[in-house]
Structures are given as C-alpha cells and as structure tokens.
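Reproduced below: input04.cif, with mmCIF, C-alpha atoms and all ligand atoms.
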data_entry
loop_
_atom_site.label_atom_id
_atom_site.label_comp_id
_atom_site.auth_asym_id
_atom_site.auth_seq_id
_atom_site.Cartn_x
_atom_site.Cartn_y
_atom_site.Cartn_z
CA MET A 1026 132.33 58.02 127.76
CA ALA A 1027 130.96 55.75 130.44
CA THR A 1028 130.40 52.58 128.54
CA VAL A 1029 131.50 49.22 129.77
CA ALA A 1030 133.02 47.46 126.82
CA SER A 1031 133.97 43.84 126.83
CA ALA A 1032 135.67 42.08 123.99
CA GLN A 1033 134.45 38.76 125.32
CA GLN A 1034 130.71 38.83 125.07
CA PRO A 1035 129.07 35.81 126.72
CA ASN A 1036 127.29 33.35 124.51
CA PHE A 1037 124.02 31.75 125.31
CA PHE A 1038 122.88 28.36 124.11
CA VAL A 1039 119.65 27.42 122.43
CA PRO A 1040 118.88 23.71 122.73
CA PHE A 1041 117.37 22.13 119.62
CA GLN A 1042 115.67 18.78 119.56
CA LEU A 1043 117.07 16.94 116.55
CA PRO A 1044 114.56 14.95 114.41
CA GLY A 1045 116.34 11.70 115.04
CA GLY A 1046 116.55 12.35 118.76
CA GLY A 1047 119.38 13.93 120.61
CA MET A 1048 120.03 17.58 121.30
CA LEU A 1049 122.01 20.21 119.50
CA ASN A 1050 123.09 23.28 121.31
CA LEU A 1051 123.31 26.28 119.05
CA SER A 1052 125.64 28.86 120.41
CA ILE A 1053 124.45 32.37 119.76
CA PRO A 1054 126.54 35.35 120.78
CA VAL A 1055 124.73 37.90 122.90
CA PRO A 1056 124.50 41.01 120.77
CA HIS A 1057 126.52 43.99 121.90
CA SER A 1058 124.28 46.49 123.52
CA VAL A 1059 123.67 49.37 121.13
CA PRO A 1060 125.29 52.45 122.62
CA ALA A 1061 122.91 55.29 123.32
CA GLN A 1062 123.07 57.89 120.60
CA ASP A 1063 125.40 60.72 121.56
CA VAL A 1064 123.07 63.64 122.10
CA GLY A 1065 125.65 65.90 123.73
CA GLN A 1066 124.89 68.08 126.69
CA LEU A 1067 124.67 71.68 127.72
CA THR A 1068 128.16 72.69 128.73
CA ASP A 1069 129.03 74.94 131.68
CA GLY A 1070 130.44 78.32 130.78
CA TYR A 1071 129.50 77.92 127.15
CA ASP A 1072 126.99 80.18 125.38
CA LEU A 1073 124.87 79.65 122.32
CA VAL A 1074 123.65 82.11 119.73
CA THR A 1075 120.05 82.78 120.81
CA TYR A 1076 117.05 84.75 119.63
CA ARG A 1077 114.78 85.81 122.51
CA GLY A 1078 116.13 82.97 124.60
CA THR A 1079 115.76 80.27 121.95
CA PRO A 1080 118.94 78.66 120.60
CA CYS A 1081 119.71 79.20 116.93
CA ARG A 1082 121.12 76.65 114.54
CA VAL A 1083 121.27 75.81 110.85
CA SER A 1084 118.42 73.61 109.62
CA GLN A 1085 119.50 70.16 108.52
CA ALA A 1086 118.19 70.99 105.03
CA ASP A 1087 120.64 73.89 104.78
CA LEU A 1088 123.70 71.83 105.69
CA PRO A 1089 126.41 71.83 104.59
CA LEU A 1090 126.73 75.60 104.73
CA ARG A 1091 128.56 76.89 101.70
CA ILE A 1092 131.47 79.22 102.34
CA TYR A 1093 133.48 81.21 99.87
CA SER A 1094 136.92 82.81 100.27
CA VAL A 1095 136.91 86.20 98.58
CA ASP A 1096 140.70 85.98 98.34
CA PRO A 1097 141.52 82.88 96.25
CA ALA A 1098 144.92 82.68 97.98
CA CYS A 1099 143.09 81.83 101.21
CA GLN A 1100 141.08 78.98 99.74
CA ALA A 1101 143.35 76.35 101.33
CA ILE A 1102 143.02 77.94 104.78
CA THR A 1103 139.27 78.08 104.27
CA GLN A 1104 139.19 74.36 103.49
CA LYS A 1105 141.29 73.56 106.57
CA ALA A 1106 138.95 75.55 108.78
CA ALA A 1107 135.94 73.79 107.25
CA ASN A 1108 137.61 70.43 107.92
CA VAL A 1109 137.81 71.22 111.64
CA TRP A 1110 134.02 70.95 111.85
CA ASN A 1111 133.58 68.43 109.06
CA ARG A 1112 135.48 65.86 111.14
CA VAL A 1113 132.35 65.55 113.26
CA GLY A 1114 129.62 66.17 110.68
CA ASN A 1115 128.78 67.49 107.25
CA TYR A 1116 128.78 71.16 108.19
CA PHE A 1117 130.65 73.12 105.50
CA GLN A 1118 131.29 73.01 101.81
CA VAL A 1119 133.95 75.33 100.37
CA VAL A 1120 132.92 76.74 97.00
CA ASN A 1121 135.22 78.67 94.66
CA ALA A 1122 132.66 81.14 93.33
CA PRO A 1123 130.26 83.49 95.13
CA VAL A 1124 127.23 81.30 94.40
CA PRO A 1125 123.90 82.28 95.97
CA GLY A 1126 123.78 81.20 99.59
CA ALA A 1127 127.55 81.03 100.04
CA ILE A 1128 128.91 82.93 103.04
CA PRO A 1129 131.71 85.26 101.88
CA ILE A 1130 134.94 85.35 103.89
CA GLN A 1131 136.96 88.57 103.69
CA TRP A 1132 140.62 88.74 104.74
CA ASN A 1133 142.96 91.45 105.95
CA CYS A 1134 140.09 93.40 107.40
CA ASN A 1135 140.47 96.26 109.81
CA LEU A 1136 138.24 95.14 112.67
CA PRO A 1137 137.08 97.10 115.69
CA GLU A 1138 138.68 96.64 119.10
CA GLY A 1139 141.42 94.45 117.75
CA ALA A 1140 139.10 91.54 117.03
CA ALA A 1141 140.74 88.69 115.14
CA GLY A 1142 137.56 87.79 113.30
CA VAL A 1143 133.95 88.89 113.11
CA THR A 1144 130.85 87.05 111.93
CA THR A 1145 128.10 89.43 110.93
CA MET A 1146 124.61 88.17 111.64
CA LYS A 1147 121.25 89.89 111.66
CA LYS A 1148 118.63 88.49 114.00
CA GLY A 1149 114.93 88.55 113.22
CA PRO A 1150 111.80 86.56 114.03
CA ARG A 1151 112.17 84.43 110.92
CA GLY A 1152 115.75 83.58 111.63
CA VAL A 1153 119.32 84.66 111.94
CA ARG A 1154 120.84 85.75 108.67
CA ILE A 1155 124.61 85.50 108.25
CA SER A 1156 125.96 88.07 105.85
CA GLY A 1157 129.64 87.30 106.08
CA ILE A 1158 132.84 86.65 107.96
CA ALA A 1159 135.71 89.12 108.23
CA ILE A 1160 139.19 88.09 109.32
CA GLN A 1161 141.92 90.43 110.49
CA SER A 1162 145.34 89.00 109.82
CA LEU A 1163 147.77 91.26 111.64
CA ASP A 1164 147.87 90.80 115.40
CA ILE A 1165 147.67 87.05 115.77
CA PRO A 1166 150.43 84.51 115.38
CA GLU A 1167 151.26 83.29 111.93
CA GLY A 1168 149.63 79.99 111.10
CA SER A 1169 146.64 80.77 113.25
CA MET A 1170 144.33 81.94 110.47
CA THR A 1171 142.80 78.48 110.28
CA GLU A 1172 142.00 78.64 113.97
CA VAL A 1173 140.50 82.12 113.75
CA LEU A 1174 138.31 81.17 110.80
CA ALA A 1175 137.31 77.86 112.39
CA HIS A 1176 136.20 79.83 115.46
CA GLU A 1177 134.09 82.16 113.28
CA LEU A 1178 132.60 79.14 111.49
CA GLY A 1179 131.54 77.89 114.92
CA HIS A 1180 129.46 81.05 115.28
CA THR A 1181 127.72 80.38 111.97
CA LEU A 1182 126.66 76.99 113.39
CA GLY A 1183 125.10 78.68 116.42
CA LEU A 1184 127.87 78.37 119.01
CA ASP A 1185 128.76 81.46 120.99
CA HIS A 1186 131.67 81.77 123.41
CA SER A 1187 133.22 79.50 125.99
CA VAL A 1188 135.06 80.66 129.11
CA ASN A 1189 137.48 77.73 128.77
CA ALA A 1190 140.68 78.86 127.04
CA GLN A 1191 141.23 75.40 125.51
CA ASP A 1192 137.95 75.45 123.61
CA LEU A 1193 137.92 76.58 120.02
CA MET A 1194 135.03 78.87 120.93
CA TYR A 1195 137.00 80.60 123.70
CA ARG A 1196 135.97 84.24 123.68
CA SER A 1197 139.27 85.81 122.71
CA MET A 1198 141.70 84.58 120.09
CA HIS A 1199 144.17 87.14 121.38
CA GLU A 1200 144.17 85.56 124.84
CA ARG A 1201 144.61 82.02 123.67
CA PRO A 1202 147.50 80.36 125.49
CA THR A 1203 148.57 78.41 122.44
CA PHE A 1204 147.69 78.18 118.80
CA SER A 1205 147.43 74.85 117.12
CA GLY A 1206 148.85 75.89 113.78
CA ASP A 1207 147.58 73.51 111.15
CA ASP A 1208 146.27 70.91 113.57
CA VAL A 1209 143.19 72.74 114.77
CA ARG A 1210 140.66 70.61 116.60
CA ILE A 1211 137.53 71.20 118.57
CA THR A 1212 137.55 70.06 122.19
CA GLN A 1213 135.17 67.58 123.77
CA ARG A 1214 133.31 70.58 125.22
CA ASP A 1215 132.89 72.19 121.78
CA TYR A 1216 131.73 68.84 120.42
CA SER A 1217 129.32 68.18 123.25
CA MET A 1218 127.67 71.58 122.94
CA LEU A 1219 127.45 71.31 119.15
CA THR A 1220 125.92 67.84 119.38
CA TRP A 1221 123.41 69.01 121.97
CA LEU A 1222 122.42 71.98 119.80
CA TYR A 1223 121.90 69.84 116.70
CA HIS A 1224 119.62 67.50 118.62
CA GLN A 1225 117.22 70.26 119.64
CA ASN A 1226 113.90 70.74 117.90
CA ASN A 1227 112.86 74.10 119.28
CA THR A 1228 115.38 76.34 117.54
CA VAL A 1229 115.46 79.49 115.45
CA PRO A 1230 116.99 78.86 112.03
CA ILE A 1231 120.33 80.30 111.02
CA LEU A 1232 120.07 81.20 107.37
CA ALA A 1233 122.89 81.36 104.87
CA ASN A 1234 123.59 84.54 102.97
CA ARG A 1235 120.81 84.65 100.35
ZN ZN A 1301 133.93 84.68 118.69
#

Show me this structure written as structure tokens.
Amino acid sequence: MATVASAQQPNFFVPFQLPGGGMLNLSIPVPHSVPAQDVGQLTDGYDLVTYRGTPCRVSQADLPLRIYSVDPACQAITQKAANVWNRVGNYFQVVNAPVPGAIPIQWNCNLPEGAAGVTTMKKGPRGVRISGIAIQSLDIPEGSMTEVLAHELGHTLGLDHSVNAQDLMYRSMHERPTFSGDDVRITQRDYSMLTWLYHQNNTVPILANR
C-alpha cells in the first residue's frame, strides 16, 4: 500500500488572545489523513463469474451466505474454509442443519475429469443460482480439503479462476505447487479482486440455494 505514514504528525498552533491580555498558543495536532477506502482493483489474469459480460456477486443483503456440510464429520473443515474468507469480511455462516437458503456441501464425490471440487451454478437473467458444492477427496494431498472447499467458496462469491498458482483461485488444485494445510489464506490478488467486485454496483446477483 502506498501510504506515507509518519508517527510524528506536525502540530499547528492557534493563538488565543487571553481576556486579561497576553497570548495563549493552543497546540492542536494535525489530524492523520484518512486513508482512501480500499476499493480493490481488477487483477491481471484473474476472471470473475459473469452473466452476459456483467460480473456476478452476492447482494449485501444475502451475506453472510449460509453453508451446510452434509457430512457432519466435515463440519470443522467447513468452518475453517469459511474462516478463510471471513478474515476479510462477513461472507459465510456455517449452519448445522439444511435450513432454507443454505448451500449444501457434499463430500467424497466422484467428479468428472479428476476435479477436486465443483460448484454447481445455474445462470439466468434474474441471477446466478448456486445449488451446491461437491468435493472429491481422493486425489489431493491430505489436509488440503480446507483449501479445496475455500476455493469453491470463492466461486460462490463470484470469483472465477486466476492464472497465478499462488492464488487461492488458481484454476487447478491438482497443479498447486504447495498446499497450506490448515493455514489457508487468500493472497493479496484474491483480496484485491474480491474487494473490487464487492464495490461494484452494476452486477448480477448470486442467489443462495432457495
Ligand atoms: Zn475452481
């Protein structure tokens, strides 16, 4: 971030004429300049979910998205994956029952073309409807389920794929150079794109499963 920060802000002095004569200098610290709100930026080599060219994202009113692990044993992984995005905003709430609007997450799925995870979404003029997330648990390193699910959750927010292998939204989990295990984090590029997307007004809504 290109901000010039100084711990020692200069003071300026306001002279006051005292009633009995004489002057009093009031020292008033110059207020820190308010940093410009981080509005993110379009990131090179990084795609968004779009409908007819318009980016798609969840409406603020629909956040946090509710997600539900069909396998109760995977509830902890689900929460960890949600936390990856919740570090930078209120994006996901893990629920422990298939309440209306909650996106179901299925595990141990047999997915086409060796995909590690799939988010199923149906696009239409009124919005993009997410019907669920399926995770395949066989051909990726142990401990990486959080990362795979966090990647799929990125799709539900409207992020598509990045060409940068460090980014969480890199196109192929199978080609990732390293897995983060439990310490999954989004990169600055993921963050910047997400922030940009959630500052746009002209978007198509992504709708939860209802
Ligand atoms: Zn993907």

Residues within 8 Å of ligand ZN 1301 (chain A) (all atoms listed in the file), as JSON, numbers by chain? {"A": [1142, 1143, 1144, 1176, 1177, 1180, 1185, 1186, 1194, 1195, 1196, 1197, 1198]}

Written file, previous selection with C-alpha atoms, as a JSON list (two decimals), keeping the file's coordinate frame:
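What ended up in part25.json:
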[["chain", "number", "residue", "atom", "x", "y", "z"],
["A", 1142, "GLY", "CA", 137.56, 87.79, 113.30],
["A", 1143, "VAL", "CA", 133.95, 88.89, 113.11],
["A", 1144, "THR", "CA", 130.85, 87.05, 111.93],
["A", 1176, "HIS", "CA", 136.20, 79.83, 115.46],
["A", 1177, "GLU", "CA", 134.09, 82.16, 113.28],
["A", 1180, "HIS", "CA", 129.46, 81.05, 115.28],
["A", 1185, "ASP", "CA", 128.76, 81.46, 120.99],
["A", 1186, "HIS", "CA", 131.67, 81.77, 123.41],
["A", 1194, "MET", "CA", 135.03, 78.87, 120.93],
["A", 1195, "TYR", "CA", 137.00, 80.60, 123.70],
["A", 1196, "ARG", "CA", 135.97, 84.24, 123.68],
["A", 1197, "SER", "CA", 139.27, 85.81, 122.71],
["A", 1198, "MET", "CA", 141.70, 84.58, 120.09]]

Within 6 Å of segment 1075-1086 of chain A, counting all atoms listed in the file, which residues qualify if same-chain residues fewer than 5 places away don't, as a ChimeraX atom specification? /A:1182-1183,1228-1231

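With distances taken over all atoms listed in the file, A:Pro1089 is the one residue among A:Gly1139, A:Gly1157, A:Pro1089, A:Pro1129 lying closest to Asn1108 of chain A.
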
A straight line from atom CA of Trp1221 of chain A to atom CA of Thr1068 of chain A spans 9.0 Å

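Note that atom CA of Asn1115 of chain A and atom CA of Leu1067 of chain A are 21.3 Å apart.
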
Applying 8 Å and only C-alpha atoms, which residues near Asp1192 of chain A remain after dropping the ones on its own chain fewer than 2 positions away? List them as an MDAnalysis selection string. chainID A and resid 1187 1189:1190 1194:1195 1211:1212 1214:1215

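Across A:Ser1169, A:Asn1226, A:Thr1181, A:Asn1133, the tightest approach to Lys1147 of chain A is made by A:Thr1181 when counting all atoms listed in the file.
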
Using all atoms listed in the file, which protein or nucleic acid residues come within 10 Å of segment 1117-1125 of chain A? Drop anything in the same chain fewer than 4 positions from it, and give the result as a PyMOL selection string. chain A and resi 1088-1097+1100-1101+1103-1111+1129+1178+1182+1233-1235

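Atom pair atom CA of Asp1207 of chain A / atom CA of Met1170 of chain A has a distance of 9.1 Å (rounded to one decimal).
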
Identify the residues within 6 Å of coordinate (140.5, 86.9, 110.6) (same frame as the file), considering all atoms listed in the file, and give the answer as a CSV table (one decimal) with C-alpha atoms, in the frame of the given file.
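Saved as result.csv:
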chain,number,residue,atom,x,y,z
A,1141,ALA,CA,140.7,88.7,115.1
A,1142,GLY,CA,137.6,87.8,113.3
A,1159,ALA,CA,135.7,89.1,108.2
A,1160,ILE,CA,139.2,88.1,109.3
A,1161,GLN,CA,141.9,90.4,110.5
A,1162,SER,CA,145.3,89.0,109.8
A,1173,VAL,CA,140.5,82.1,113.8

All residues 7 Å or closer to Leu1232 of chain A, only C-alpha atoms, same chain fewer than 3 positions away omitted, as a ChimeraX atom specification: /A:1083,1152-1155

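Proximity of A:Asn1227, A:Asn1135, A:Ser1205, A:Thr1220 to Gln1062 of chain A, computed with all atoms listed in the file, is greatest for A:Thr1220.
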